[in-house]
file structure24.txt (compact mmCIF, C-alpha atoms (C1' of nucleotides))
# COMPACT_ATOMS: atom_id res chain seq x y z
CA MET A 1 -28.41 -13.06 12.86
CA SER A 2 -28.65 -16.77 12.18
CA THR A 3 -26.12 -17.54 9.53
CA ARG A 4 -26.30 -19.99 6.69
CA ASP A 5 -22.53 -20.36 6.64
CA THR A 6 -21.52 -20.84 3.06
CA GLY A 7 -17.92 -20.65 4.16
CA THR A 8 -17.42 -17.50 2.13
CA GLU A 9 -16.48 -15.31 5.06
CA GLN A 10 -13.79 -17.72 6.16
CA LEU A 11 -12.64 -18.18 2.57
CA ILE A 12 -12.10 -14.45 2.16
CA LYS A 13 -10.20 -14.20 5.40
CA ASP A 14 -8.05 -17.23 4.62
CA THR A 15 -7.27 -15.91 1.17
CA ALA A 16 -6.29 -12.55 2.59
CA LYS A 17 -4.01 -14.26 5.06
CA HIS A 18 -2.45 -16.30 2.30
CA LEU A 19 -1.73 -13.23 0.22
CA PHE A 20 -0.33 -11.31 3.17
CA PHE A 21 1.52 -14.00 5.06
CA ALA A 22 2.57 -16.48 2.42
CA GLU A 23 3.07 -14.31 -0.64
CA GLY A 24 4.11 -11.11 1.06
CA LYS A 25 1.62 -9.04 -0.93
CA LEU A 26 1.34 -6.52 1.84
CA HIS A 27 -0.68 -3.96 -0.09
CA ALA A 28 -3.20 -6.25 -1.72
CA THR A 29 -6.45 -4.50 -2.64
CA THR A 30 -9.92 -5.85 -1.91
CA GLN A 31 -10.25 -6.63 -5.59
CA GLU A 32 -7.08 -8.71 -5.57
CA ILE A 33 -8.23 -10.56 -2.49
CA ALA A 34 -11.65 -11.21 -3.99
CA ASP A 35 -10.12 -12.42 -7.24
CA ALA A 36 -7.75 -14.74 -5.45
CA ALA A 37 -10.70 -16.12 -3.51
CA GLY A 38 -12.77 -16.46 -6.68
CA VAL A 39 -15.49 -14.31 -5.20
CA ASN A 40 -17.33 -11.09 -5.92
CA ARG A 41 -15.59 -8.12 -4.38
CA THR A 42 -18.82 -6.84 -2.84
CA LEU A 43 -18.78 -9.79 -0.50
CA VAL A 44 -15.78 -8.32 1.26
CA ASN A 45 -17.97 -5.43 2.28
CA TYR A 46 -20.93 -7.66 2.99
CA TYR A 47 -19.02 -9.73 5.49
CA PHE A 48 -16.52 -7.23 6.85
CA ARG A 49 -18.14 -3.83 6.26
CA SER A 50 -14.85 -2.27 5.25
CA ARG A 51 -11.37 -3.07 4.15
CA ASP A 52 -9.93 -1.76 7.39
CA ILE A 53 -12.06 -4.08 9.49
CA LEU A 54 -10.88 -7.06 7.47
CA PHE A 55 -7.30 -5.94 7.95
CA ASP A 56 -7.81 -5.47 11.66
CA GLN A 57 -9.30 -8.92 12.05
CA VAL A 58 -6.51 -10.54 10.11
CA PHE A 59 -3.96 -8.59 12.10
CA THR A 60 -5.48 -9.53 15.44
CA GLU A 61 -5.81 -13.18 14.56
CA ALA A 62 -2.26 -13.29 13.26
CA GLN A 63 -1.01 -11.80 16.47
CA THR A 64 -3.07 -14.19 18.57
CA ALA A 65 -1.94 -17.23 16.62
CA PHE A 66 1.67 -16.15 16.81
CA ILE A 67 1.48 -15.59 20.54
CA SER A 68 -0.33 -18.80 21.37
CA THR A 69 2.21 -20.77 19.36
CA LEU A 70 4.94 -19.30 21.51
CA ASP A 71 2.97 -19.80 24.70
CA GLU A 72 2.57 -23.50 24.08
CA VAL A 73 6.31 -23.80 23.80
CA PHE A 74 7.22 -21.45 26.63
CA GLU A 75 4.80 -22.91 29.12
CA SER A 76 5.58 -26.55 28.52
CA ASN A 77 7.48 -28.45 31.20
CA MET A 78 10.37 -29.79 29.17
CA PRO A 79 13.97 -29.34 30.22
CA PHE A 80 15.39 -26.10 28.91
CA LYS A 81 17.37 -27.47 26.00
CA GLU A 82 14.47 -29.55 24.80
CA LYS A 83 12.22 -26.55 25.08
CA ILE A 84 14.55 -24.61 22.82
CA ARG A 85 14.82 -27.46 20.38
CA ASN A 86 11.07 -27.64 20.27
CA LEU A 87 10.77 -23.90 19.82
CA ILE A 88 13.11 -23.97 16.87
CA SER A 89 11.27 -26.83 15.22
CA VAL A 90 7.80 -25.39 15.71
CA PHE A 91 8.78 -21.89 14.80
CA ILE A 92 10.61 -22.81 11.63
CA ASP A 93 7.84 -25.07 10.41
CA GLU A 94 5.28 -22.38 10.97
CA THR A 95 7.43 -19.65 9.46
CA ALA A 96 7.96 -21.80 6.40
CA LEU A 97 4.21 -21.75 5.91
CA TYR A 98 3.75 -18.05 6.71
CA PRO A 99 7.10 -16.38 6.10
CA TYR A 100 5.68 -12.86 6.05
CA ARG A 101 3.33 -13.05 9.00
CA GLN A 102 5.60 -11.23 11.40
CA LEU A 103 6.33 -8.71 8.72
CA PHE A 104 2.65 -8.03 8.32
CA ILE A 105 2.33 -7.57 12.06
CA ILE A 106 5.23 -5.14 12.11
CA THR A 107 4.08 -3.00 9.22
CA GLU A 108 0.56 -2.86 10.61
CA MET A 109 2.01 -1.77 13.93
CA ASN A 110 3.82 0.99 12.07
CA ARG A 111 0.65 2.15 10.32
CA ASN A 112 -1.78 2.36 13.16
CA VAL A 113 -0.19 3.38 16.39
CA ILE A 114 -2.18 0.67 18.09
CA LEU A 115 -1.04 0.57 21.67
CA ASN A 116 -1.18 -3.18 21.76
CA GLU A 117 -1.90 -4.44 25.21
CA LYS A 118 1.27 -6.43 25.41
CA LYS A 119 1.16 -6.37 29.18
CA SER A 120 -0.23 -9.88 29.56
CA ARG A 121 2.30 -11.00 27.02
CA ALA A 122 5.18 -9.48 28.89
CA LYS A 123 4.51 -11.79 31.81
CA THR A 124 5.07 -15.07 29.97
CA VAL A 125 8.13 -13.58 28.35
CA LYS A 126 9.47 -12.46 31.70
CA ILE A 127 9.06 -15.92 33.18
CA PHE A 128 10.84 -17.45 30.23
CA MET A 129 13.66 -14.97 30.51
CA GLU A 130 14.10 -15.84 34.16
CA GLU A 131 14.42 -19.44 33.06
CA ILE A 132 17.12 -18.39 30.64
CA GLN A 133 18.89 -16.48 33.39
CA LYS A 134 18.86 -19.55 35.58
CA GLU A 135 20.49 -21.62 32.84
CA MET A 136 23.17 -19.00 32.52
CA ASP A 137 23.80 -19.05 36.23
CA ASN A 138 24.14 -22.82 36.00
CA GLY A 139 26.68 -22.41 33.24
CA GLN A 140 24.51 -24.25 30.73
CA VAL A 141 24.28 -21.19 28.52
CA LYS A 142 26.81 -18.51 27.69
CA LYS A 143 26.22 -15.52 29.95
CA MET A 144 24.56 -12.51 28.37
CA ASP A 145 21.51 -10.33 28.70
CA PRO A 146 18.59 -12.77 28.34
CA LYS A 147 16.98 -10.32 25.95
CA GLN A 148 19.97 -10.77 23.68
CA PHE A 149 19.56 -14.51 23.91
CA MET A 150 15.98 -14.22 22.75
CA LEU A 151 16.85 -11.80 19.99
CA ASN A 152 19.50 -14.23 18.80
CA ILE A 153 17.14 -17.18 18.57
CA PHE A 154 14.32 -15.34 16.86
CA SER A 155 16.67 -13.62 14.47
CA LEU A 156 18.31 -16.87 13.44
CA MET A 157 14.93 -18.50 12.92
CA ALA A 158 12.88 -15.81 11.28
CA HIS A 159 15.11 -13.62 9.19
CA PRO A 160 16.18 -16.09 6.50
CA PHE A 161 12.52 -16.44 5.56
CA LEU A 162 11.91 -12.73 5.25
CA THR A 163 14.96 -12.30 3.06
CA ALA A 164 14.38 -15.46 1.06
CA PRO A 165 13.97 -13.73 -2.33
CA LEU A 166 17.15 -11.76 -1.74
CA HIS A 167 19.20 -14.74 -0.67
CA LYS A 168 17.86 -17.05 -3.34
CA ALA A 169 19.04 -14.51 -5.88
CA LEU A 170 22.34 -14.00 -4.09
CA PHE A 171 23.10 -17.68 -3.68
CA GLY A 172 21.54 -18.73 -6.97
CA MET A 173 19.20 -21.24 -5.38
CA ASN A 174 15.75 -22.39 -6.36
CA ASP A 175 12.81 -22.78 -3.98
CA GLU A 176 13.44 -26.39 -3.21
CA GLU A 177 17.10 -25.93 -2.44
CA TYR A 178 16.31 -23.02 -0.19
CA ALA A 179 13.67 -25.05 1.63
CA THR A 180 16.29 -27.70 2.34
CA LEU A 181 18.62 -25.03 3.64
CA MET A 182 15.88 -23.88 6.02
CA GLU A 183 15.24 -27.40 7.22
CA ASP A 184 18.93 -27.84 7.92
CA ARG A 185 18.88 -24.71 10.02
CA LYS A 186 16.92 -26.39 12.79
CA GLN A 187 19.94 -28.36 13.89
CA LEU A 188 22.37 -25.61 13.03
CA ILE A 189 20.63 -22.96 15.10
CA PHE A 190 20.55 -25.31 18.03
CA GLU A 191 24.29 -25.80 17.77
CA THR A 192 24.88 -22.09 17.40
CA ILE A 193 22.89 -21.35 20.53
CA PHE A 194 24.53 -24.18 22.46
CA PRO A 195 28.09 -24.39 21.16
CA MET B 1 17.79 20.48 -19.95
CA SER B 2 20.09 22.70 -17.95
CA THR B 3 18.93 22.50 -14.38
CA ARG B 4 18.80 25.22 -11.78
CA ASP B 5 19.06 22.70 -8.98
CA THR B 6 16.93 24.01 -6.16
CA GLY B 7 17.55 20.76 -4.36
CA THR B 8 13.88 19.90 -4.54
CA GLU B 9 14.34 16.73 -6.53
CA GLN B 10 16.85 15.43 -4.03
CA LEU B 11 14.70 16.58 -1.13
CA ILE B 12 11.73 14.59 -2.40
CA LYS B 13 13.84 11.51 -2.92
CA ASP B 14 15.49 11.80 0.49
CA THR B 15 12.15 12.30 2.17
CA ALA B 16 10.73 9.26 0.44
CA LYS B 17 13.71 7.23 1.58
CA HIS B 18 13.27 8.45 5.12
CA LEU B 19 9.61 7.45 5.18
CA PHE B 20 10.31 4.06 3.64
CA PHE B 21 13.60 3.11 5.26
CA ALA B 22 13.56 4.86 8.61
CA GLU B 23 9.87 4.94 9.48
CA GLY B 24 8.78 1.79 7.72
CA LYS B 25 5.86 3.55 6.03
CA LEU B 26 5.98 1.17 3.11
CA HIS B 27 2.77 2.34 1.45
CA ALA B 28 3.24 6.09 1.72
CA THR B 29 1.31 8.04 -0.92
CA THR B 30 2.74 10.84 -3.04
CA GLN B 31 0.74 13.27 -0.93
CA GLU B 32 2.29 11.97 2.27
CA ILE B 33 5.74 12.18 0.77
CA ALA B 34 5.15 15.71 -0.48
CA ASP B 35 3.76 16.79 2.90
CA ALA B 36 6.71 15.32 4.75
CA ALA B 37 9.01 17.18 2.37
CA GLY B 38 7.02 20.39 2.77
CA VAL B 39 6.50 20.58 -0.95
CA ASN B 40 3.67 20.72 -3.45
CA ARG B 41 2.62 17.26 -4.54
CA THR B 42 2.74 18.21 -8.20
CA LEU B 43 6.50 18.45 -7.93
CA VAL B 44 6.67 14.71 -7.53
CA ASN B 45 5.27 14.42 -11.02
CA TYR B 46 7.36 17.28 -12.32
CA TYR B 47 10.61 15.65 -11.27
CA PHE B 48 9.76 11.97 -11.51
CA ARG B 49 6.87 11.81 -14.00
CA SER B 50 5.09 9.16 -11.98
CA ARG B 51 4.92 7.58 -8.59
CA ASP B 52 6.23 4.29 -9.97
CA ILE B 53 9.33 5.93 -11.39
CA LEU B 54 10.10 7.52 -8.03
CA PHE B 55 9.67 4.15 -6.37
CA ASP B 56 11.90 2.47 -8.91
CA GLN B 57 14.64 5.05 -8.43
CA VAL B 58 14.49 4.76 -4.68
CA PHE B 59 14.50 0.99 -4.95
CA THR B 60 17.47 0.91 -7.27
CA GLU B 61 19.49 3.36 -5.23
CA ALA B 62 18.71 1.49 -2.04
CA GLN B 63 19.89 -1.71 -3.62
CA THR B 64 23.03 -0.09 -4.96
CA ALA B 65 23.89 1.54 -1.64
CA PHE B 66 23.28 -1.69 0.21
CA ILE B 67 25.46 -3.65 -2.14
CA SER B 68 28.31 -1.19 -2.24
CA THR B 69 28.40 -1.06 1.53
CA LEU B 70 28.87 -4.80 1.57
CA ASP B 71 31.40 -4.70 -1.23
CA GLU B 72 33.63 -2.31 0.63
CA VAL B 73 33.69 -4.72 3.52
CA PHE B 74 33.98 -7.91 1.50
CA GLU B 75 36.71 -6.68 -0.77
CA SER B 76 38.94 -5.16 1.87
CA ASN B 77 42.19 -6.90 2.70
CA MET B 78 41.82 -7.34 6.42
CA PRO B 79 42.27 -10.67 8.12
CA PHE B 80 39.03 -12.64 8.22
CA LYS B 81 38.04 -11.96 11.80
CA GLU B 82 38.67 -8.26 11.44
CA LYS B 83 36.66 -8.24 8.28
CA ILE B 84 33.74 -9.75 10.11
CA ARG B 85 34.11 -7.35 13.00
CA ASN B 86 34.11 -4.51 10.55
CA LEU B 87 31.09 -5.90 8.74
CA ILE B 88 29.15 -6.09 11.97
CA SER B 89 30.03 -2.56 12.96
CA VAL B 90 29.29 -1.00 9.60
CA PHE B 91 26.14 -2.99 9.02
CA ILE B 92 24.65 -2.30 12.43
CA ASP B 93 25.38 1.40 12.27
CA GLU B 94 23.78 1.64 8.88
CA THR B 95 20.81 -0.50 9.82
CA ALA B 96 20.24 1.67 12.87
CA LEU B 97 19.78 4.58 10.49
CA TYR B 98 17.68 2.71 7.93
CA PRO B 99 16.13 -0.24 9.74
CA TYR B 100 13.54 -0.91 7.03
CA ARG B 101 15.69 -0.57 3.96
CA GLN B 102 16.09 -4.28 3.33
CA LEU B 103 12.42 -4.73 4.01
CA PHE B 104 11.61 -2.19 1.34
CA ILE B 105 13.85 -4.00 -1.09
CA ILE B 106 12.17 -7.30 -0.32
CA THR B 107 8.60 -6.08 -0.66
CA GLU B 108 9.43 -4.29 -3.88
CA MET B 109 10.97 -7.51 -5.17
CA ASN B 110 7.71 -9.24 -4.31
CA ARG B 111 5.63 -6.66 -6.15
CA ASN B 112 7.36 -6.42 -9.45
CA VAL B 113 8.87 -9.64 -10.58
CA ILE B 114 11.98 -7.73 -11.50
CA LEU B 115 14.52 -10.28 -12.52
CA ASN B 116 17.28 -8.37 -10.81
CA GLU B 117 20.55 -8.95 -12.48
CA LYS B 118 22.17 -10.34 -9.42
CA LYS B 119 24.76 -12.15 -11.48
CA SER B 120 27.51 -9.61 -10.92
CA ARG B 121 26.60 -9.64 -7.27
CA ALA B 122 26.85 -13.38 -7.01
CA LYS B 123 30.54 -13.18 -7.88
CA THR B 124 31.66 -11.09 -4.92
CA VAL B 125 29.50 -13.20 -2.67
CA LYS B 126 31.02 -16.35 -4.06
CA ILE B 127 34.52 -15.11 -3.42
CA PHE B 128 33.63 -14.19 0.12
CA MET B 129 32.08 -17.57 0.70
CA GLU B 130 35.22 -19.26 -0.49
CA GLU B 131 37.07 -17.21 2.07
CA ILE B 132 34.69 -18.47 4.71
CA GLN B 133 35.21 -22.02 3.54
CA LYS B 134 38.97 -21.59 3.89
CA GLU B 135 38.60 -20.41 7.47
CA MET B 136 36.50 -23.46 8.20
CA ASP B 137 39.13 -25.73 6.71
CA ASN B 138 41.70 -24.03 8.93
CA GLY B 139 39.53 -24.70 11.94
CA GLN B 140 39.09 -21.00 12.66
CA VAL B 141 35.35 -21.22 12.17
CA LYS B 142 32.89 -23.96 13.03
CA LYS B 143 32.29 -26.09 9.96
CA MET B 144 28.98 -25.58 8.16
CA ASP B 145 27.60 -24.59 4.81
CA PRO B 146 29.07 -21.13 4.19
CA LYS B 147 25.63 -19.99 3.12
CA GLN B 148 24.41 -20.81 6.63
CA PHE B 149 27.28 -18.82 8.05
CA MET B 150 26.22 -15.79 6.05
CA LEU B 151 22.57 -16.26 6.92
CA ASN B 152 23.54 -16.39 10.58
CA ILE B 153 25.48 -13.16 10.52
CA PHE B 154 22.93 -11.18 8.57
CA SER B 155 20.07 -12.51 10.63
CA LEU B 156 21.73 -11.62 13.89
CA MET B 157 22.49 -8.13 12.64
CA ALA B 158 19.37 -7.14 10.76
CA HIS B 159 16.39 -8.80 12.35
CA PRO B 160 16.34 -7.04 15.73
CA PHE B 161 15.89 -3.76 13.87
CA LEU B 162 12.97 -4.97 11.81
CA THR B 163 11.21 -6.30 14.84
CA ALA B 164 12.10 -3.37 17.06
CA PRO B 165 8.50 -2.25 17.70
CA LEU B 166 7.53 -5.79 18.62
CA HIS B 167 10.45 -6.35 20.94
CA LYS B 168 10.26 -2.95 22.57
CA ALA B 169 6.69 -3.79 23.49
CA LEU B 170 7.61 -7.30 24.56
CA PHE B 171 10.57 -6.26 26.69
CA GLY B 172 9.03 -3.02 27.88
CA MET B 173 11.90 -0.89 26.65
CA ASN B 174 12.01 2.66 25.35
CA ASP B 175 13.88 3.79 22.26
CA GLU B 176 17.07 4.72 24.04
CA GLU B 177 17.30 1.46 25.94
CA TYR B 178 16.74 -0.47 22.77
CA ALA B 179 19.43 1.51 20.98
CA THR B 180 21.87 0.56 23.72
CA LEU B 181 20.87 -3.06 23.33
CA MET B 182 21.64 -2.81 19.62
CA GLU B 183 25.01 -1.22 20.25
CA ASP B 184 25.87 -4.02 22.66
CA ARG B 185 25.05 -6.54 19.97
CA LYS B 186 28.15 -5.67 17.96
CA GLN B 187 30.37 -7.43 20.43
CA LEU B 188 27.83 -10.10 21.23
CA ILE B 189 27.33 -11.14 17.63
CA PHE B 190 31.05 -11.39 17.18
CA GLU B 191 31.28 -13.72 20.13
CA THR B 192 28.34 -15.76 18.91
CA ILE B 193 29.95 -16.22 15.52
CA PHE B 194 33.35 -16.98 17.01
CA PRO B 195 32.66 -18.83 20.27
C1' DC C 1 -45.73 -24.23 -2.63
C1' DT C 2 -44.96 -19.93 -0.62
C1' DT C 3 -42.60 -17.15 2.50
C1' DT C 4 -38.82 -15.72 4.89
C1' DT C 5 -34.18 -14.87 5.43
C1' DG C 6 -29.69 -14.88 4.34
C1' DT C 7 -26.44 -14.70 0.21
C1' DT C 8 -24.69 -13.09 -4.16
C1' DT C 9 -24.51 -10.03 -8.00
C1' DA C 10 -24.25 -5.89 -10.96
C1' DA C 11 -24.77 -1.12 -11.34
C1' DC C 12 -23.85 2.90 -9.26
C1' DA C 13 -21.84 6.45 -5.99
C1' DA C 14 -18.17 8.17 -3.22
C1' DA C 15 -13.65 8.66 -1.90
C1' DA C 16 -8.85 8.50 -2.42
C1' DT C 17 -4.93 8.71 -5.26
C1' DT C 18 -2.50 9.90 -9.23
C1' DG C 19 -1.58 12.63 -13.42
C1' DT C 20 -1.96 16.93 -16.52
C1' DC C 21 -1.92 21.62 -17.76
C1' DA C 22 -1.68 26.49 -17.99
C1' DA C 23 -0.48 30.36 -15.46
C1' DA C 24 2.37 32.53 -11.92
C1' DC C 25 6.79 32.83 -10.18
C1' DT C 26 11.92 32.94 -9.78
C1' DT C 27 16.44 33.21 -11.26
C1' DA C 28 20.16 33.79 -14.49
C1' DA C 29 21.63 35.27 -18.87
C1' DA C 30 21.31 38.49 -22.81
C1' DT D 1 15.63 45.55 -17.77
C1' DT D 2 14.09 42.30 -20.86
C1' DT D 3 14.18 37.80 -22.03
C1' DA D 4 14.50 33.01 -21.59
C1' DA D 5 14.44 28.88 -19.08
C1' DG D 6 13.55 26.26 -15.32
C1' DT D 7 10.50 25.96 -11.11
C1' DT D 8 6.33 26.12 -8.39
C1' DT D 9 1.45 26.37 -7.76
C1' DG D 10 -3.59 25.60 -8.06
C1' DA D 11 -7.32 23.96 -10.65
C1' DC D 12 -8.86 20.28 -12.98
C1' DA D 13 -9.13 15.52 -15.17
C1' DA D 14 -8.36 10.60 -15.03
C1' DT D 15 -7.77 6.56 -12.65
C1' DT D 16 -7.98 3.45 -8.99
C1' DT D 17 -9.97 1.79 -5.01
C1' DT D 18 -13.57 1.50 -1.80
C1' DG D 19 -18.41 1.62 -0.24
C1' DT D 20 -23.65 1.36 -1.07
C1' DT D 21 -27.94 -0.17 -2.80
C1' DA D 22 -31.54 -2.61 -5.01
C1' DA D 23 -32.59 -6.57 -7.25
C1' DA D 24 -31.73 -11.48 -8.31
C1' DC D 25 -30.87 -15.76 -6.26
C1' DA D 26 -30.80 -19.89 -3.05
C1' DA D 27 -32.03 -22.48 0.77
C1' DA D 28 -34.53 -23.43 4.96
C1' DA D 29 -38.98 -22.74 7.53
C1' DG D 30 -43.79 -22.53 7.62
call {"tool": "encode", "arguments": {"input": "structure24.txt", "output": "structure tokens"}}
result
Amino acid sequence: MSTRDTGTEQLIKDTAKHLFFAEGKLHATTQEIADAAGVNRTLVNYYFRSRDILFDQVFTEAQTAFISTLDEVFESNMPFKEKIRNLISVFIDETALYPYRQLFIITEMNRNVILNEKKSRAKTVKIFMEEIQKEMDNGQVKKMDPKQFMLNIFSLMAHPFLTAPLHKALFGMNDEEYATLMEDRKQLIFETIFP
Amino acid sequence: MSTRDTGTEQLIKDTAKHLFFAEGKLHATTQEIADAAGVNRTLVNYYFRSRDILFDQVFTEAQTAFISTLDEVFESNMPFKEKIRNLISVFIDETALYPYRQLFIITEMNRNVILNEKKSRAKTVKIFMEEIQKEMDNGQVKKMDPKQFMLNIFSLMAHPFLTAPLHKALFGMNDEEYATLMEDRKQLIFETIFP
DNA sequence: CTTTTGTTTAACAAAATTGTCAAACTTAAA
DNA sequence: TTTAAGTTTGACAATTTTGTTAAACAAAAG
């Protein structure tokens, strides 16, 4: 089918992603997506056949984007500490844009019992964890299970974005102040990981 | 209305909480809740009038339980380090039971724009943060914005539970192994906070 | 200009979810 | 044992959400 490409298909998908990932509207309906895109709801079916297919595509692309972001960092040839510093910077910037993306991935994983073929993934992770282990052996990093090390980093980076509404309320901060707090975390997380 | 208390109302509510908080089924329908409770769906309406009211009740109670758990810890008279150790223990045990509770609270906050009266809350938090500040002045804790200190702790405790499906897949672990990893985190988090 | 093909729209149909009601049922009190 | 009050159920109605279709529309090809 030769397409005329009015950009509508991409617009719908991008709008859906924005609602899911940026606004955390995890149960947005097709009508809400269409409205937000300024488009007739029927077009969702025209381009994607069904709501589920749209969701699946968004889910898959989110997962792919998330993974390839990490891969770029993991597979680079920087020294370990610089790699971590880079990871923190990239991850926080991206999470600031799409705070709920991981959340969307998680909840979708809980809905479908998609046996995601994480096998290929596991390899890159394993290599990176060996690198962590080596740093621990060298005494550059506090000794612990490398899995714990990874959990620590990702928790410190990601969680404050997920719980932003809660913490803004708790701390009495506005959006801008909270954004500054997140920016400051880049350095802080680094220092927490490498005391 | 004098009630006969067959326990059904509580059963429905508990089942809903289990689906939401323990299984992460954030968009469960009334039918799914009723089925899981082994109860006729109409009873949801009989006891709660509407789906929204059930959700609101569950939301409110979740929030209250969450807060009072923290209050007990915050307001106790232990020395600071013991207080933190206690917080970690209590919080992790509770999060192991209800890994998605905070998530539910967050997404519900994103749906309704409930201006939660967090003012009373802010007071206890403020007092605790002053306590943190004092420890920093004494040199017991690395100096930073106390808000960052709190974000660190809660991130390290909560996030690995939210992302459990993701990390189990990534690390190739089963449920039991992951549970052990979480148990080990109690000590590890303590050491990360107090290097 | 006309035709062809892909796009958009509105009206309609189908499905899924929620809400209502009267009747059947159960238990405790009269 | 009746009676009264709360509880449970199934049938039905209303609403919300999703999916389909035919016709209108727009742009590129002939």
call {"tool": "atom_distance", "arguments": {"input": "structure24.txt", "atom1": "CA of Glu191 (chain A)", "atom2": "CA of Pro160 (chain A)"}}
result
16.9 Å
call {"tool": "residues_near_point", "arguments": {"input": "structure24.txt", "point": "(12.8, -28.1, 16.9)", "cutoff": "12 Å", "atoms": "all atoms listed in the file", "output": "short mmCIF file (atom, residue, chain, number, x, y, z; two decimals) with C-alpha atoms, keeping the file's coordinate frame"}}
result
data_model
loop_
_atom_site.label_atom_id
_atom_site.label_comp_id
_atom_site.auth_asym_id
_atom_site.auth_seq_id
_atom_site.Cartn_x
_atom_site.Cartn_y
_atom_site.Cartn_z
CA VAL A 73 6.31 -23.80 23.80
CA LYS A 81 17.37 -27.47 26.00
CA GLU A 82 14.47 -29.55 24.80
CA LYS A 83 12.22 -26.55 25.08
CA ILE A 84 14.55 -24.61 22.82
CA ARG A 85 14.82 -27.46 20.38
CA ASN A 86 11.07 -27.64 20.27
CA LEU A 87 10.77 -23.90 19.82
CA ILE A 88 13.11 -23.97 16.87
CA SER A 89 11.27 -26.83 15.22
CA VAL A 90 7.80 -25.39 15.71
CA PHE A 91 8.78 -21.89 14.80
CA ILE A 92 10.61 -22.81 11.63
CA ASP A 93 7.84 -25.07 10.41
CA GLU A 94 5.28 -22.38 10.97
CA ILE A 153 17.14 -17.18 18.57
CA MET A 157 14.93 -18.50 12.92
CA GLU A 183 15.24 -27.40 7.22
CA ASP A 184 18.93 -27.84 7.92
CA ARG A 185 18.88 -24.71 10.02
CA LYS A 186 16.92 -26.39 12.79
CA GLN A 187 19.94 -28.36 13.89
CA LEU A 188 22.37 -25.61 13.03
CA ILE A 189 20.63 -22.96 15.10
CA PHE A 190 20.55 -25.31 18.03
CA GLU A 191 24.29 -25.80 17.77
#
call {"tool": "closest_atom_pairs", "arguments": {"input": "structure24.txt", "of": "chain D", "to": "chain A", "cutoff": "8 Å", "atoms": "all atoms listed in the file", "output": "tab-separated table"}}
result
residue	atom	partner	partner_atom	distance
D:DT17	C1'	A:Thr29	CA	7.6
D:DT18	C1'	A:Arg51	CA	7.8
D:DG19	C1'	A:Asn45	CA	7.5
call {"tool": "closest_residue", "arguments": {"input": "structure24.txt", "among": "B:Thr3, B:Glu176, B:Glu130, B:Glu61", "to": "chain C", "atoms": "all atoms listed in the file"}}
result
B:Thr3
call {"tool": "atom_distance", "arguments": {"input": "structure24.txt", "atom1": "CA of Leu156 (chain B)", "atom2": "CA of Ile127 (chain B)"}}
result
21.8 Å
call {"tool": "residues_around", "arguments": {"input": "structure24.txt", "residues": "DT15 (chain D)", "least_positions_apart": "3", "cutoff": "12 Å", "atoms": "all atoms listed in the file", "output": "MDAnalysis selection string"}}
result
chainID C and resid 16:19
call {"tool": "axis_aligned_box", "arguments": {"input": "structure24.txt", "around": "region 14-27 of chain D", "padding_each_side": "4 Å", "output": "JSON"}}
result
{"center_x": -20.2, "center_y": -5.9, "center_z": -7.1, "size_x": 32.8, "size_y": 41.1, "size_z": 23.8}
call {"tool": "residues_around", "arguments": {"input": "structure24.txt", "residues": "DA29 (chain D)", "least_positions_apart": "2", "cutoff": "10 Å", "atoms": "all atoms listed in the file", "output": "list of chain:residue names"}}
result
C:DT3, C:DT4, C:DT5, D:DA27
call {"tool": "closest_residue", "arguments": {"input": "structure24.txt", "among": "C:DA15, C:DA10, C:DA29, C:DA22", "to": "chain A", "atoms": "all atoms listed in the file"}}
result
C:DA10
